[in-house]
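Data file: run35.json. Format and content: JSON, C-alpha atoms and all ligand atoms.
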[["chain", "number", "residue", "atom", "x", "y", "z"],
["N", 27, "MET", "CA", 0.00, 0.00, 0.00],
["N", 28, "LYS", "CA", 2.16, 2.82, -1.33],
["N", 29, "VAL", "CA", 0.95, 5.65, -3.51],
["N", 30, "GLU", "CA", 3.32, 7.63, -5.64],
["N", 31, "LYS", "CA", 2.47, 11.04, -4.24],
["N", 32, "SER", "CA", 4.27, 13.37, -1.88],
["N", 33, "SER", "CA", 4.10, 16.54, 0.22],
["N", 34, "GLN", "CA", 2.91, 18.78, -2.64],
["N", 35, "ASP", "CA", -0.03, 16.42, -3.16],
["N", 36, "LEU", "CA", -0.71, 16.37, 0.59],
["N", 37, "GLU", "CA", -0.90, 20.16, 0.52],
["N", 38, "SER", "CA", -3.25, 20.38, -2.43],
["N", 39, "GLU", "CA", -5.47, 17.35, -1.74],
["N", 40, "VAL", "CA", -5.73, 17.50, 2.06],
["N", 41, "ILE", "CA", -4.46, 20.68, 3.68],
["N", 42, "TYR", "CA", -5.66, 23.31, 1.19],
["N", 43, "ALA", "CA", -8.82, 21.24, 0.57],
["N", 44, "GLY", "CA", -9.88, 21.70, 4.22],
["N", 45, "LEU", "CA", -9.70, 17.99, 5.04],
["N", 46, "CYS", "CA", -6.81, 18.09, 7.52],
["N", 47, "ILE", "CA", -7.68, 17.21, 11.11],
["N", 48, "HIS", "CA", -4.28, 18.10, 12.62],
["N", 49, "CYS", "CA", -3.64, 14.49, 13.66],
["N", 50, "GLY", "CA", 0.15, 14.52, 13.28],
["N", 51, "SER", "CA", 0.47, 11.29, 11.30],
["N", 52, "CYS", "CA", 2.30, 12.99, 8.42],
["N", 53, "ASN", "CA", 5.01, 14.26, 10.77],
["N", 54, "ALA", "CA", 5.33, 11.27, 13.13],
["N", 55, "PHE", "CA", 8.23, 9.76, 11.17],
["N", 56, "CYS", "CA", 8.88, 12.45, 8.54],
["N", 57, "PRO", "CA", 10.79, 15.66, 9.31],
["N", 58, "HIS", "CA", 9.43, 17.65, 6.36],
["N", 59, "MET", "CA", 6.10, 18.52, 8.03],
["N", 60, "ASP", "CA", 5.27, 20.67, 11.03],
["N", 61, "PHE", "CA", 2.33, 22.31, 12.81],
["N", 62, "ASN", "CA", 1.32, 25.87, 13.48],
["N", 63, "GLN", "CA", 1.81, 26.39, 17.21],
["N", 64, "GLU", "CA", -1.31, 28.58, 17.54],
["N", 65, "THR", "CA", -3.81, 26.77, 15.31],
["N", 66, "GLY", "CA", -2.44, 23.24, 14.97],
["N", 67, "GLU", "CA", -2.63, 23.43, 11.17],
["N", 68, "ALA", "CA", -0.21, 21.17, 9.32],
["N", 69, "TYR", "CA", 2.25, 22.68, 6.84],
["N", 70, "VAL", "CA", 5.10, 21.52, 4.67],
["N", 71, "VAL", "CA", 8.42, 22.72, 6.06],
["N", 72, "ASP", "CA", 10.47, 22.10, 2.93],
["N", 73, "GLU", "CA", 9.85, 20.28, -0.31],
["N", 74, "CYS", "CA", 11.51, 16.87, -0.26],
["N", 75, "ALA", "CA", 12.71, 14.82, -3.22],
["N", 76, "GLU", "CA", 10.61, 11.75, -2.37],
["N", 77, "THR", "CA", 8.22, 10.62, -5.08],
["N", 78, "VAL", "CA", 6.52, 8.15, -2.72],
["N", 79, "GLY", "CA", 6.10, 10.33, 0.34],
["N", 80, "LEU", "CA", 5.73, 8.92, 3.84],
["N", 81, "CYS", "CA", 3.68, 12.00, 4.76],
["N", 82, "TYR", "CA", 1.11, 11.42, 2.01],
["N", 83, "ASN", "CA", 0.97, 7.69, 2.66],
["N", 84, "SER", "CA", 0.52, 8.17, 6.42],
["N", 85, "CYS", "CA", -2.27, 10.73, 6.22],
["N", 86, "PRO", "CA", -5.75, 9.37, 6.99],
["N", 87, "ARG", "CA", -7.27, 12.03, 4.75],
["N", 88, "SER", "CA", -5.27, 11.35, 1.56],
["N", 89, "PHE", "CA", -6.81, 7.89, 1.14],
["N", 90, "LEU", "CA", -8.05, 5.39, 3.69],
["N", 91, "PRO", "CA", -8.27, 1.71, 2.67],
["N", 92, "ILE", "CA", -10.36, 0.66, 5.67],
["N", 93, "LYS", "CA", -10.71, -3.05, 4.80],
["N", 94, "GLU", "CA", -6.99, -3.43, 4.13],
["N", 95, "ILE", "CA", -6.09, -1.76, 7.44],
["N", 96, "GLU", "CA", -8.61, -3.91, 9.33],
["N", 97, "GLN", "CA", -7.17, -7.08, 7.80],
["N", 98, "LYS", "CA", -3.66, -6.11, 8.87],
["N", 99, "LEU", "CA", -4.59, -4.91, 12.37],
["N", 100, "PHE", "CA", -7.27, -7.46, 13.27],
["N", 101, "GLY", "CA", -6.92, -10.29, 10.73],
["N", 102, "GLN", "CA", -10.55, -9.72, 9.71],
["N", 103, "THR", "CA", -12.87, -7.03, 8.41],
["N", 104, "ARG", "CA", -15.62, -5.39, 10.40],
["N", 105, "VAL", "CA", -18.42, -7.24, 12.09],
["N", 106, "ASP", "CA", -20.55, -4.12, 12.39],
["N", 107, "LEU", "CA", -20.65, -1.49, 9.66],
["N", 108, "ALA", "CA", -20.77, 1.39, 12.13],
["N", 109, "VAL", "CA", -18.78, 0.09, 15.13],
["N", 110, "GLY", "CA", -16.03, -1.80, 13.29],
["N", 111, "VAL", "CA", -14.25, -4.96, 14.43],
["N", 112, "TYR", "CA", -14.77, -5.92, 18.06],
["N", 113, "LYS", "CA", -14.55, -8.86, 20.42],
["N", 114, "ASP", "CA", -16.80, -7.53, 23.15],
["N", 115, "ILE", "CA", -18.72, -4.44, 24.24],
["N", 116, "ILE", "CA", -19.31, -3.89, 27.95],
["N", 117, "GLU", "CA", -20.58, -1.23, 30.30],
["N", 118, "VAL", "CA", -18.29, -0.60, 33.27],
["N", 119, "LYS", "CA", -17.89, 1.79, 36.14],
["N", 120, "SER", "CA", -14.96, 2.81, 38.29],
["N", 121, "LYS", "CA", -14.45, 1.13, 41.66],
["N", 122, "ASN", "CA", -12.48, 4.05, 43.09],
["N", 123, "LYS", "CA", -12.43, 7.85, 42.87],
["N", 124, "GLU", "CA", -10.55, 7.84, 39.56],
["N", 125, "ASN", "CA", -12.36, 7.62, 36.27],
["N", 126, "VAL", "CA", -12.42, 4.48, 34.12],
["N", 127, "LEU", "CA", -9.97, 5.85, 31.55],
["N", 128, "TYR", "CA", -7.34, 6.54, 34.18],
["N", 129, "ASN", "CA", -7.91, 3.12, 35.68],
["N", 130, "LEU", "CA", -7.28, 1.47, 32.31],
["N", 131, "VAL", "CA", -4.00, 3.38, 32.05],
["N", 132, "GLU", "CA", -2.99, 2.27, 35.53],
["N", 133, "ALA", "CA", -3.76, -1.36, 34.68],
["N", 134, "ALA", "CA", -1.79, -1.14, 31.41],
["N", 135, "PHE", "CA", 1.30, 0.24, 33.17],
["N", 136, "ASN", "CA", 0.99, -2.23, 36.03],
["N", 137, "GLU", "CA", 0.69, -5.18, 33.64],
["N", 138, "GLY", "CA", 3.76, -4.03, 31.64],
["N", 139, "ILE", "CA", 1.65, -3.60, 28.49],
["N", 140, "ILE", "CA", 3.00, -0.06, 28.15],
["N", 141, "GLU", "CA", 6.21, 1.55, 29.36],
["N", 142, "CYS", "CA", 5.15, 5.03, 28.32],
["N", 143, "LEU", "CA", 1.98, 6.78, 27.23],
["N", 144, "VAL", "CA", 1.36, 9.51, 24.69],
["N", 145, "VAL", "CA", -1.34, 11.85, 25.98],
["N", 146, "ARG", "CA", -2.57, 15.34, 25.25],
["N", 147, "ASN", "CA", -1.14, 18.46, 26.82],
["N", 148, "THR", "CA", -3.67, 21.18, 26.15],
["N", 149, "LYS", "CA", -2.32, 24.44, 24.79],
["N", 150, "SER", "CA", -5.58, 26.19, 24.01],
["N", 151, "THR", "CA", -9.29, 25.51, 24.00],
["N", 152, "LYS", "CA", -10.18, 28.12, 21.35],
["N", 153, "PRO", "CA", -9.16, 26.79, 18.91],
["N", 154, "PRO", "CA", -8.94, 23.35, 20.53],
["N", 155, "LEU", "CA", -5.24, 22.48, 20.42],
["N", 156, "SER", "CA", -3.10, 20.00, 22.30],
["N", 157, "PHE", "CA", 0.40, 18.76, 21.70],
["N", 158, "PRO", "CA", 1.60, 15.33, 22.82],
["N", 159, "VAL", "CA", 3.36, 14.68, 26.07],
["N", 160, "ILE", "CA", 5.01, 11.35, 26.93],
["N", 161, "VAL", "CA", 4.62, 10.06, 30.48],
["N", 162, "GLU", "CA", 6.23, 7.02, 32.06],
["N", 163, "ASN", "CA", 3.78, 6.07, 34.79],
["N", 164, "ALA", "CA", 0.10, 6.31, 35.60],
["N", 165, "LYS", "CA", 0.56, 8.97, 38.27],
["N", 166, "ASP", "CA", 2.23, 11.33, 35.80],
["N", 167, "ALA", "CA", -0.52, 10.62, 33.27],
["N", 168, "LYS", "CA", -3.26, 11.76, 35.63],
["N", 169, "LYS", "CA", -3.40, 15.45, 34.72],
["N", 170, "TYR", "CA", -3.28, 14.69, 30.97],
["N", 171, "ILE", "CA", -6.14, 12.19, 30.81],
["N", 172, "PRO", "CA", -8.68, 13.75, 28.41],
["N", 173, "GLU", "CA", -12.14, 14.61, 29.72],
["N", 174, "LYS", "CA", -13.68, 14.97, 26.29],
["N", 175, "SER", "CA", -12.57, 14.20, 22.75],
["N", 176, "MET", "CA", -11.99, 17.88, 22.00],
["N", 177, "ASP", "CA", -9.15, 17.82, 24.55],
["N", 178, "ASN", "CA", -7.26, 15.56, 22.13],
["N", 179, "ALA", "CA", -7.43, 17.87, 19.09],
["N", 180, "GLY", "CA", -3.88, 18.36, 17.85],
["N", 181, "PRO", "CA", -0.96, 16.40, 16.38],
["N", 182, "LEU", "CA", -0.79, 13.64, 19.00],
["N", 183, "ILE", "CA", 0.60, 11.02, 16.60],
["N", 184, "THR", "CA", 3.88, 12.95, 16.49],
["N", 185, "GLY", "CA", 4.23, 11.70, 20.09],
["N", 186, "ILE", "CA", 4.62, 8.13, 18.79],
["N", 187, "GLY", "CA", 7.60, 9.28, 16.70],
["N", 188, "GLN", "CA", 9.06, 11.14, 19.69],
["N", 189, "ALA", "CA", 8.71, 8.10, 21.95],
["N", 190, "TYR", "CA", 10.36, 5.90, 19.31],
["N", 191, "LYS", "CA", 13.26, 8.33, 19.00],
["N", 192, "ALA", "CA", 13.62, 8.13, 22.80],
["N", 193, "TYR", "CA", 14.06, 4.31, 22.38],
["N", 194, "LYS", "CA", 10.75, 3.46, 24.03],
["N", 195, "LYS", "CA", 9.52, -0.04, 23.23],
["N", 196, "ASN", "CA", 5.96, -0.42, 24.48],
["N", 197, "ILE", "CA", 4.23, 2.81, 23.64],
["N", 198, "GLY", "CA", 0.62, 3.48, 24.56],
["N", 199, "ILE", "CA", -1.58, 6.29, 23.31],
["N", 200, "ILE", "CA", -4.96, 7.82, 24.15],
["N", 201, "ALA", "CA", -6.29, 9.66, 21.12],
["N", 202, "ASN", "CA", -9.31, 10.34, 18.96],
["N", 203, "PRO", "CA", -10.58, 8.04, 16.19],
["N", 204, "CYS", "CA", -8.91, 10.16, 13.47],
["N", 205, "HIS", "CA", -5.51, 9.93, 15.16],
["N", 206, "LEU", "CA", -5.82, 6.17, 15.24],
["N", 207, "GLN", "CA", -6.86, 6.11, 11.59],
["N", 208, "GLY", "CA", -3.49, 7.71, 10.79],
["N", 209, "LEU", "CA", -1.59, 5.40, 13.13],
["N", 210, "GLY", "CA", -3.47, 2.36, 11.79],
["N", 211, "LYS", "CA", -2.58, 3.38, 8.27],
["N", 212, "ILE", "CA", 1.10, 3.71, 9.18],
["N", 213, "LEU", "CA", 1.03, 0.32, 10.95],
["N", 214, "ALA", "CA", -0.62, -1.35, 7.98],
["N", 215, "GLY", "CA", 1.60, 0.41, 5.44],
["N", 216, "ASP", "CA", 4.74, -0.73, 3.68],
["N", 217, "PHE", "CA", 7.15, 1.83, 5.16],
["N", 218, "ASN", "CA", 9.66, 0.97, 7.85],
["N", 219, "THR", "CA", 8.82, 3.30, 10.73],
["N", 220, "GLY", "CA", 8.94, 2.92, 14.48],
["N", 221, "ALA", "CA", 5.15, 2.74, 14.75],
["N", 222, "GLU", "CA", 5.24, -0.99, 15.51],
["N", 223, "LYS", "CA", 6.54, -0.08, 18.97],
["N", 224, "THR", "CA", 2.98, 0.99, 19.77],
["N", 225, "SER", "CA", 1.55, -1.60, 22.12],
["N", 226, "LEU", "CA", -1.79, -0.08, 23.13],
["N", 227, "LYS", "CA", -4.18, 2.26, 21.35],
["N", 228, "ILE", "CA", -7.08, 3.64, 23.37],
["N", 229, "ALA", "CA", -9.64, 5.69, 21.44],
["N", 230, "TYR", "CA", -11.87, 8.35, 22.95],
["N", 231, "ALA", "CA", -15.19, 8.07, 21.08],
["N", 232, "CYS", "CA", -15.77, 11.32, 19.27],
["N", 233, "SER", "CA", -18.77, 13.10, 17.82],
["N", 234, "SER", "CA", -16.69, 16.20, 16.94],
["N", 235, "GLY", "CA", -13.23, 17.48, 17.77],
["N", 236, "GLY", "CA", -14.07, 21.08, 16.90],
["N", 237, "MET", "CA", -11.88, 21.35, 13.80],
["N", 238, "ALA", "CA", -12.98, 22.35, 10.31],
["N", 239, "GLY", "CA", -11.98, 18.93, 8.93],
["N", 240, "CYS", "CA", -14.23, 17.14, 11.45],
["N", 241, "LYS", "CA", -17.23, 17.62, 9.20],
["N", 242, "TYR", "CA", -15.80, 14.97, 6.87],
["N", 243, "CYS", "CA", -15.24, 12.41, 9.64],
["N", 244, "THR", "CA", -17.28, 9.22, 9.79],
["N", 245, "ASP", "CA", -15.46, 7.38, 12.60],
["N", 246, "PHE", "CA", -17.18, 7.86, 15.94],
["N", 247, "SER", "CA", -16.00, 4.76, 17.73],
["N", 248, "GLY", "CA", -12.24, 4.69, 17.12],
["N", 249, "GLU", "CA", -12.38, 1.76, 14.75],
["N", 250, "PHE", "CA", -8.62, 1.09, 14.74],
["N", 251, "SER", "CA", -8.16, 1.05, 18.52],
["N", 252, "ASP", "CA", -7.51, -1.81, 20.93],
["N", 253, "ILE", "CA", -10.13, -0.36, 23.27],
["N", 254, "THR", "CA", -12.61, 2.43, 22.70],
["N", 255, "TYR", "CA", -13.79, 4.47, 25.67],
["N", 256, "SER", "CA", -17.23, 6.02, 25.21],
["N", 257, "PRO", "CA", -19.04, 7.96, 27.93],
["N", 258, "MET", "CA", -21.75, 8.41, 25.28],
["N", 259, "GLY", "CA", -24.41, 5.73, 25.17],
["N", 260, "ALA", "CA", -24.10, 4.41, 28.74],
["N", 261, "PRO", "CA", -26.09, 5.48, 31.82],
["N", 262, "LYS", "CA", -23.86, 7.59, 34.10],
["N", 263, "PRO", "CA", -21.59, 6.88, 35.92],
["N", 264, "ALA", "CA", -21.05, 3.86, 33.66],
["N", 265, "VAL", "CA", -19.17, 4.12, 30.36],
["N", 266, "MET", "CA", -19.13, 1.90, 27.30],
["N", 267, "LEU", "CA", -15.95, 0.02, 26.38],
["N", 268, "ILE", "CA", -15.53, -1.51, 22.93],
["N", 269, "ILE", "CA", -12.80, -4.14, 23.12],
["N", 270, "ARG", "CA", -11.32, -5.02, 19.76],
["N", 271, "THR", "CA", -8.12, -6.99, 20.36],
["N", 272, "ASP", "CA", -6.45, -9.48, 22.71],
["N", 273, "ILE", "CA", -4.33, -6.63, 24.09],
["N", 274, "GLY", "CA", -7.52, -4.72, 24.83],
["N", 275, "MET", "CA", -8.90, -7.79, 26.62],
["N", 276, "LYS", "CA", -5.70, -8.09, 28.65],
["N", 277, "VAL", "CA", -6.01, -4.50, 29.89],
["N", 278, "ILE", "CA", -9.65, -5.01, 30.91],
["N", 279, "GLU", "CA", -8.82, -8.27, 32.71],
["N", 280, "ALA", "CA", -5.96, -6.55, 34.57],
["N", 281, "ALA", "CA", -8.19, -3.61, 35.56],
["N", 282, "LYS", "CA", -10.81, -6.05, 36.87],
["N", 283, "LYS", "CA", -8.22, -8.10, 38.76],
["N", 284, "MET", "CA", -6.81, -4.96, 40.36],
["N", 285, "LYS", "CA", -10.39, -4.01, 41.38],
["N", 286, "LEU", "CA", -10.16, -0.74, 39.46],
["N", 287, "ILE", "CA", -13.30, -1.28, 37.39],
["N", 288, "GLU", "CA", -16.40, -3.42, 37.59],
["N", 289, "ILE", "CA", -18.66, -4.57, 34.79],
["N", 290, "THR", "CA", -22.17, -3.18, 35.22],
["N", 291, "ASN", "CA", -23.58, -4.77, 32.07],
["N", 292, "ASP", "CA", -21.86, -7.45, 30.00],
["N", 293, "SER", "CA", -24.42, -7.31, 27.25],
["N", 294, "PRO", "CA", -25.44, -3.68, 26.99],
["N", 295, "ASP", "CA", -28.07, -2.22, 24.73],
["N", 296, "LEU", "CA", -26.13, -0.42, 21.98],
["N", 297, "SER", "CA", -29.06, 1.68, 20.76],
["N", 298, "GLU", "CA", -28.13, 4.83, 22.73],
["N", 299, "MET", "CA", -24.50, 4.74, 21.57],
["N", 300, "LYS", "CA", -25.61, 4.08, 18.03],
["N", 301, "LYS", "CA", -27.80, 7.19, 18.11],
["N", 302, "PHE", "CA", -24.64, 9.35, 18.54],
["N", 303, "LEU", "CA", -22.72, 7.23, 16.10],
["N", 304, "ASN", "CA", -25.30, 7.18, 13.32],
["N", 305, "LYS", "CA", -26.07, 10.89, 13.66],
["N", 306, "LYS", "CA", -22.43, 11.73, 13.01],
["N", 307, "ARG", "CA", -21.96, 9.18, 10.23],
["N", 308, "LYS", "CA", -25.13, 10.14, 8.37],
["N", 309, "LYS", "CA", -24.43, 13.89, 8.53],
["N", 310, "ASN", "CA", -20.79, 13.60, 7.53],
["N", 311, "PHE", "CA", -21.33, 11.04, 4.79],
["N", 312, "ARG", "CA", -23.64, 13.60, 3.22],
["N", 313, "THR", "CA", -20.91, 16.24, 3.51],
["N", 314, "LEU", "CA", -18.46, 13.84, 1.91],
["N", 315, "LEU", "CA", -20.79, 12.95, -0.93],
["N", 316, "GLY", "CA", -21.50, 16.60, -1.72],
["N", 317, "THR", "CA", -24.63, 18.01, -3.27],
["N", 318, "SER", "CA", -24.26, 16.29, -6.60],
["N", 319, "LEU", "CA", -23.01, 12.90, -7.63],
["N", 320, "VAL", "CA", -21.65, 13.73, -11.06],
["N", 321, "LYS", "CA", -20.12, 10.30, -11.55],
["N", 322, "ALA", "CA", -23.39, 8.34, -11.40],
["N", 323, "LYS", "CA", -23.08, 6.90, -14.92],
["N", 324, "TYR", "CA", -25.04, 9.08, -17.35],
["N", 325, "LEU", "CA", -27.02, 10.93, -14.65],
["N", 326, "SER", "CA", -26.08, 13.93, -12.54],
["N", 327, "LEU", "CA", -27.87, 13.27, -9.29],
["N", 328, "SER", "CA", -28.25, 15.20, -6.07],
["N", 329, "VAL", "CA", -28.06, 13.63, -2.63],
["N", 330, "ASP", "CA", -31.60, 14.80, -1.94],
["N", 331, "GLU", "CA", -32.86, 12.76, -4.88],
["N", 332, "LEU", "CA", -31.24, 9.69, -3.30],
["N", 333, "LYS", "CA", -32.37, 10.50, 0.24],
["N", 334, "ASP", "CA", -34.72, 7.56, 0.57],
["N", 335, "ILE", "CA", -32.14, 5.06, -0.67],
["N", 336, "ILE", "CA", -29.27, 6.44, 1.43],
["N", 337, "GLU", "CA", -31.37, 6.55, 4.58],
["N", 338, "GLU", "CA", -32.65, 3.01, 4.26],
["N", 401, "LIG", "S1", -1.62, 13.43, 8.41],
["N", 401, "LIG", "FE1", -3.10, 14.47, 9.72],
["N", 401, "LIG", "S2", -2.09, 16.44, 10.17],
["N", 401, "LIG", "FE2", -1.04, 15.58, 8.42],
["N", 401, "LIG", "S3", -2.07, 16.47, 6.63],
["N", 401, "LIG", "FE3", -3.04, 14.50, 7.07],
["N", 401, "LIG", "S4", -4.79, 15.01, 8.36],
["N", 401, "LIG", "FE4", -3.41, 16.76, 8.39],
["N", 402, "LIG", "S1", -14.69, 14.34, 14.62],
["N", 402, "LIG", "FE1", -13.25, 13.59, 16.18],
["N", 402, "LIG", "S2", -12.38, 11.75, 15.29],
["N", 402, "LIG", "FE2", -13.31, 12.89, 13.65],
["N", 402, "LIG", "S3", -11.73, 14.18, 12.78],
["N", 402, "LIG", "FE3", -12.72, 15.40, 14.32],
["N", 402, "LIG", "S4", -11.55, 15.04, 16.19],
["N", 402, "LIG", "FE4", -11.02, 13.44, 14.76]]
What is this structure when it is put down as C-alpha cells?
Ligand code: SF4
Ligand code: SF4
Amino acid sequence: MKVEKSSQDLESEVIYAGLCIHCGSCNAFCPHMDFNQETGEAYVVDECAETVGLCYNSCPRSFLPIKEIEQKLFGQTRVDLAVGVYKDIIEVKSKNKENVLYNLVEAAFNEGIIECLVVRNTKSTKPPLSFPVIVENAKDAKKYIPEKSMDNAGPLITGIGQAYKAYKKNIGIIANPCHLQGLGKILAGDFNTGAEKTSLKIAYACSSGGMAGCKYCTDFSGEFSDITYSPMGAPKPAVMLIIRTDIGMKVIEAAKKMKLIEITNDSPDLSEMKKFLNKKRKKNFRTLLGTSLVKAKYLSLSVDELKDIIEE
C-alpha cells in the first residue's frame, strides 16, 4: 500500500482542501512537516525529493483503505458497519475515585503492556489544540487524561515518533478516532517506521473534535483502537468500552483483577450509543458525498434525490 504522491499532493489534496484534522500522522516519522503552534494546522516545512512520500501515505485524509487496514490490524474485516471490528462491548464503572480511563492506564502500566503513554497536553481551548506529552507512569498521566474528545485535538501522533526516537519499546496512546486512523494506516503500510513499537491504542469516542476537517469524519467509535472508551451511550456513571483486540482484553482483565473497574452490564443495549454514532456518520457522509453525484453513470444526481435510498 504505497501511492506515488508526496508533500505537494498532501498540501493540495488534504491541507488546502480543508480535510486536515491536525492528527500529526504525516510528521510522526517524517521531518518535512510541522504544525502551526497557535492553530495546529499542518504545513510543509520544505519540499523533499521523495516521489513516494511517507507524509502522504501516512495521512488518513489522503486515502483510507479501511478493509486493508482492518485485515492487517485485526486479521478480519468489520463485524458491524458502524462500530467496526470488536470482540466484546461492555458497560463498566470505576471502583475508586478515579475515572475508568485513568484506571485502564494504571492497569496497562501495572501489567507491563505499556512503558510510556502519549497523551494530550492542552495548549488552548479556542481553537482546541493539544500537543503530545510522553509520560512514564500512571501517576504522571493523571493530569493529561482527556475529559472529552476535543481535549485531544492536535498532532498527537507525532508523540509516537518522539517516543520511538527516545528508544521506548511499548508505547501506549490515548487519542481520537482520526488519530488512530493515521496510526493504523502507518502500521498497515509498507514503510519501515517505528510505529510498531505501539503496544496499546485507546480511542476516545468522538462526535466532533471542533476542527474544520471534522465535518468529513465518519469514525465515531475509534475503529482502529484496541479499546474504545465512550461515555456516550451508557447510563452515568457507567461508560461503554468496545474491546477489539487481545491486548484490549488483557487490559480489561488486569483492571478487573486490580479491582479498578467493575462490569455493570456485560451485554449492553447499543441503541443509545448508536444514536450518537449514526447521527455523526449520516451527517458527515452527506458532507463527503456533496450536493451532486456527477459520476453516477449518465445521470447527474443530487443527494436529496437519493435520500430515501441512502437513509434506508
Ligand atoms: S496526516 Fe493528519 S495532520 Fe497531516 S495532513 Fe493528514 S490530516 Fe493533516
Ligand atoms: S470528529 Fe473527532 S475523530 Fe473525527 S476528525 Fe474530528 S476530532 Fe477526529
Legend entry - Shell of 6 Å around region 106-119 of chain N, all atoms listed in the file, local chain residues under 5 positions omitted, as an MDAnalysis selection string: chainID N and resid 249 264:270 287:292
Generate a file of the selected residues that holds C-alpha atoms, formatted as an mmCIF file, in the coordinates of the input.
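Okay, part.cif is ready:
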data_model
loop_
_atom_site.group_PDB
_atom_site.id
_atom_site.type_symbol
_atom_site.label_atom_id
_atom_site.label_comp_id
_atom_site.auth_asym_id
_atom_site.auth_seq_id
_atom_site.Cartn_x
_atom_site.Cartn_y
_atom_site.Cartn_z
ATOM 1 C CA GLU N 249 -12.380 1.760 14.750
ATOM 2 C CA ALA N 264 -21.050 3.860 33.660
ATOM 3 C CA VAL N 265 -19.170 4.120 30.360
ATOM 4 C CA MET N 266 -19.130 1.900 27.300
ATOM 5 C CA LEU N 267 -15.950 0.020 26.380
ATOM 6 C CA ILE N 268 -15.530 -1.510 22.930
ATOM 7 C CA ILE N 269 -12.800 -4.140 23.120
ATOM 8 C CA ARG N 270 -11.320 -5.020 19.760
ATOM 9 C CA ILE N 287 -13.300 -1.280 37.390
ATOM 10 C CA GLU N 288 -16.400 -3.420 37.590
ATOM 11 C CA ILE N 289 -18.660 -4.570 34.790
ATOM 12 C CA THR N 290 -22.170 -3.180 35.220
ATOM 13 C CA ASN N 291 -23.580 -4.770 32.070
ATOM 14 C CA ASP N 292 -21.860 -7.450 30.000
#
Legend entry - Neighbourhood of ligand LIG 401 (chain N) at 8 Å, counting only C-alpha atoms and all ligand atoms, reported as a ChimeraX atom specification: /N:36-37,40-41,45-53,59,61,67-69,81-82,84-88,181,205,208
Legend entry - Nearby polymer residues, ligand LIG 402 (chain N), at most 9 Å, all atoms listed in the file, as a ChimeraX atom specification: /N:45-49,175-176,178-180,201-207,230-248,306
Export of prior selection with C-alpha atoms as a PDB file, in the coordinates of the input:
ATOM      1  CA  LEU N  45      -9.700  17.990   5.040  1.00  0.00           C
ATOM      2  CA  CYS N  46      -6.810  18.090   7.520  1.00  0.00           C
ATOM      3  CA  ILE N  47      -7.680  17.210  11.110  1.00  0.00           C
ATOM      4  CA  HIS N  48      -4.280  18.100  12.620  1.00  0.00           C
ATOM      5  CA  CYS N  49      -3.640  14.490  13.660  1.00  0.00           C
ATOM      6  CA  SER N 175     -12.570  14.200  22.750  1.00  0.00           C
ATOM      7  CA  MET N 176     -11.990  17.880  22.000  1.00  0.00           C
ATOM      8  CA  ASN N 178      -7.260  15.560  22.130  1.00  0.00           C
ATOM      9  CA  ALA N 179      -7.430  17.870  19.090  1.00  0.00           C
ATOM     10  CA  GLY N 180      -3.880  18.360  17.850  1.00  0.00           C
ATOM     11  CA  ALA N 201      -6.290   9.660  21.120  1.00  0.00           C
ATOM     12  CA  ASN N 202      -9.310  10.340  18.960  1.00  0.00           C
ATOM     13  CA  PRO N 203     -10.580   8.040  16.190  1.00  0.00           C
ATOM     14  CA  CYS N 204      -8.910  10.160  13.470  1.00  0.00           C
ATOM     15  CA  HIS N 205      -5.510   9.930  15.160  1.00  0.00           C
ATOM     16  CA  LEU N 206      -5.820   6.170  15.240  1.00  0.00           C
ATOM     17  CA  GLN N 207      -6.860   6.110  11.590  1.00  0.00           C
ATOM     18  CA  TYR N 230     -11.870   8.350  22.950  1.00  0.00           C
ATOM     19  CA  ALA N 231     -15.190   8.070  21.080  1.00  0.00           C
ATOM     20  CA  CYS N 232     -15.770  11.320  19.270  1.00  0.00           C
ATOM     21  CA  SER N 233     -18.770  13.100  17.820  1.00  0.00           C
ATOM     22  CA  SER N 234     -16.690  16.200  16.940  1.00  0.00           C
ATOM     23  CA  GLY N 235     -13.230  17.480  17.770  1.00  0.00           C
ATOM     24  CA  GLY N 236     -14.070  21.080  16.900  1.00  0.00           C
ATOM     25  CA  MET N 237     -11.880  21.350  13.800  1.00  0.00           C
ATOM     26  CA  ALA N 238     -12.980  22.350  10.310  1.00  0.00           C
ATOM     27  CA  GLY N 239     -11.980  18.930   8.930  1.00  0.00           C
ATOM     28  CA  CYS N 240     -14.230  17.140  11.450  1.00  0.00           C
ATOM     29  CA  LYS N 241     -17.230  17.620   9.200  1.00  0.00           C
ATOM     30  CA  TYR N 242     -15.800  14.970   6.870  1.00  0.00           C
ATOM     31  CA  CYS N 243     -15.240  12.410   9.640  1.00  0.00           C
ATOM     32  CA  THR N 244     -17.280   9.220   9.790  1.00  0.00           C
ATOM     33  CA  ASP N 245     -15.460   7.380  12.600  1.00  0.00           C
ATOM     34  CA  PHE N 246     -17.180   7.860  15.940  1.00  0.00           C
ATOM     35  CA  SER N 247     -16.000   4.760  17.730  1.00  0.00           C
ATOM     36  CA  GLY N 248     -12.240   4.690  17.120  1.00  0.00           C
ATOM     37  CA  LYS N 306     -22.430  11.730  13.010  1.00  0.00           C
TER      38      LYS N 306
END
Legend entry - Between CA of Met299 (chain N) and CA of Pro257 (chain N), distance in Å (one decimal):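 Computing it gives 9.0 Å between the two atoms.
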Inset, instruction - Counting all atoms listed in the file, figure out which residue out of N:Phe100, N:Tyr324, N:Tyr255, N:Phe55 gets nearest to Lys174 (chain N). - result: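 Among the listed residues, the smallest separation from Lys174 (chain N) belongs to N:Tyr255.
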Inset, instruction - For CA of Glu94 (chain N) and CA of Ser32 (chain N), determine how far apart the two atoms are, in Å to one decimal place. - result: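 Value for the CA of Glu94 (chain N)-CA of Ser32 (chain N) distance: 21.1 Å.
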Legend entry - Point-to-point distance from CA of Val145 (chain N) to CA of Lys211 (chain N), Å rounded to tenths: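 Distance between the two atoms: 19.7 Å.
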Inset, instruction - Would you please work out which residue, of N:Glu298, N:Glu222, N:Glu96, N:Glu73, is nearest to Gly259 (chain N) when using only C-alpha atoms? - result: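 Of the candidates, the smallest distance to Gly259 (chain N) is held by N:Glu298.
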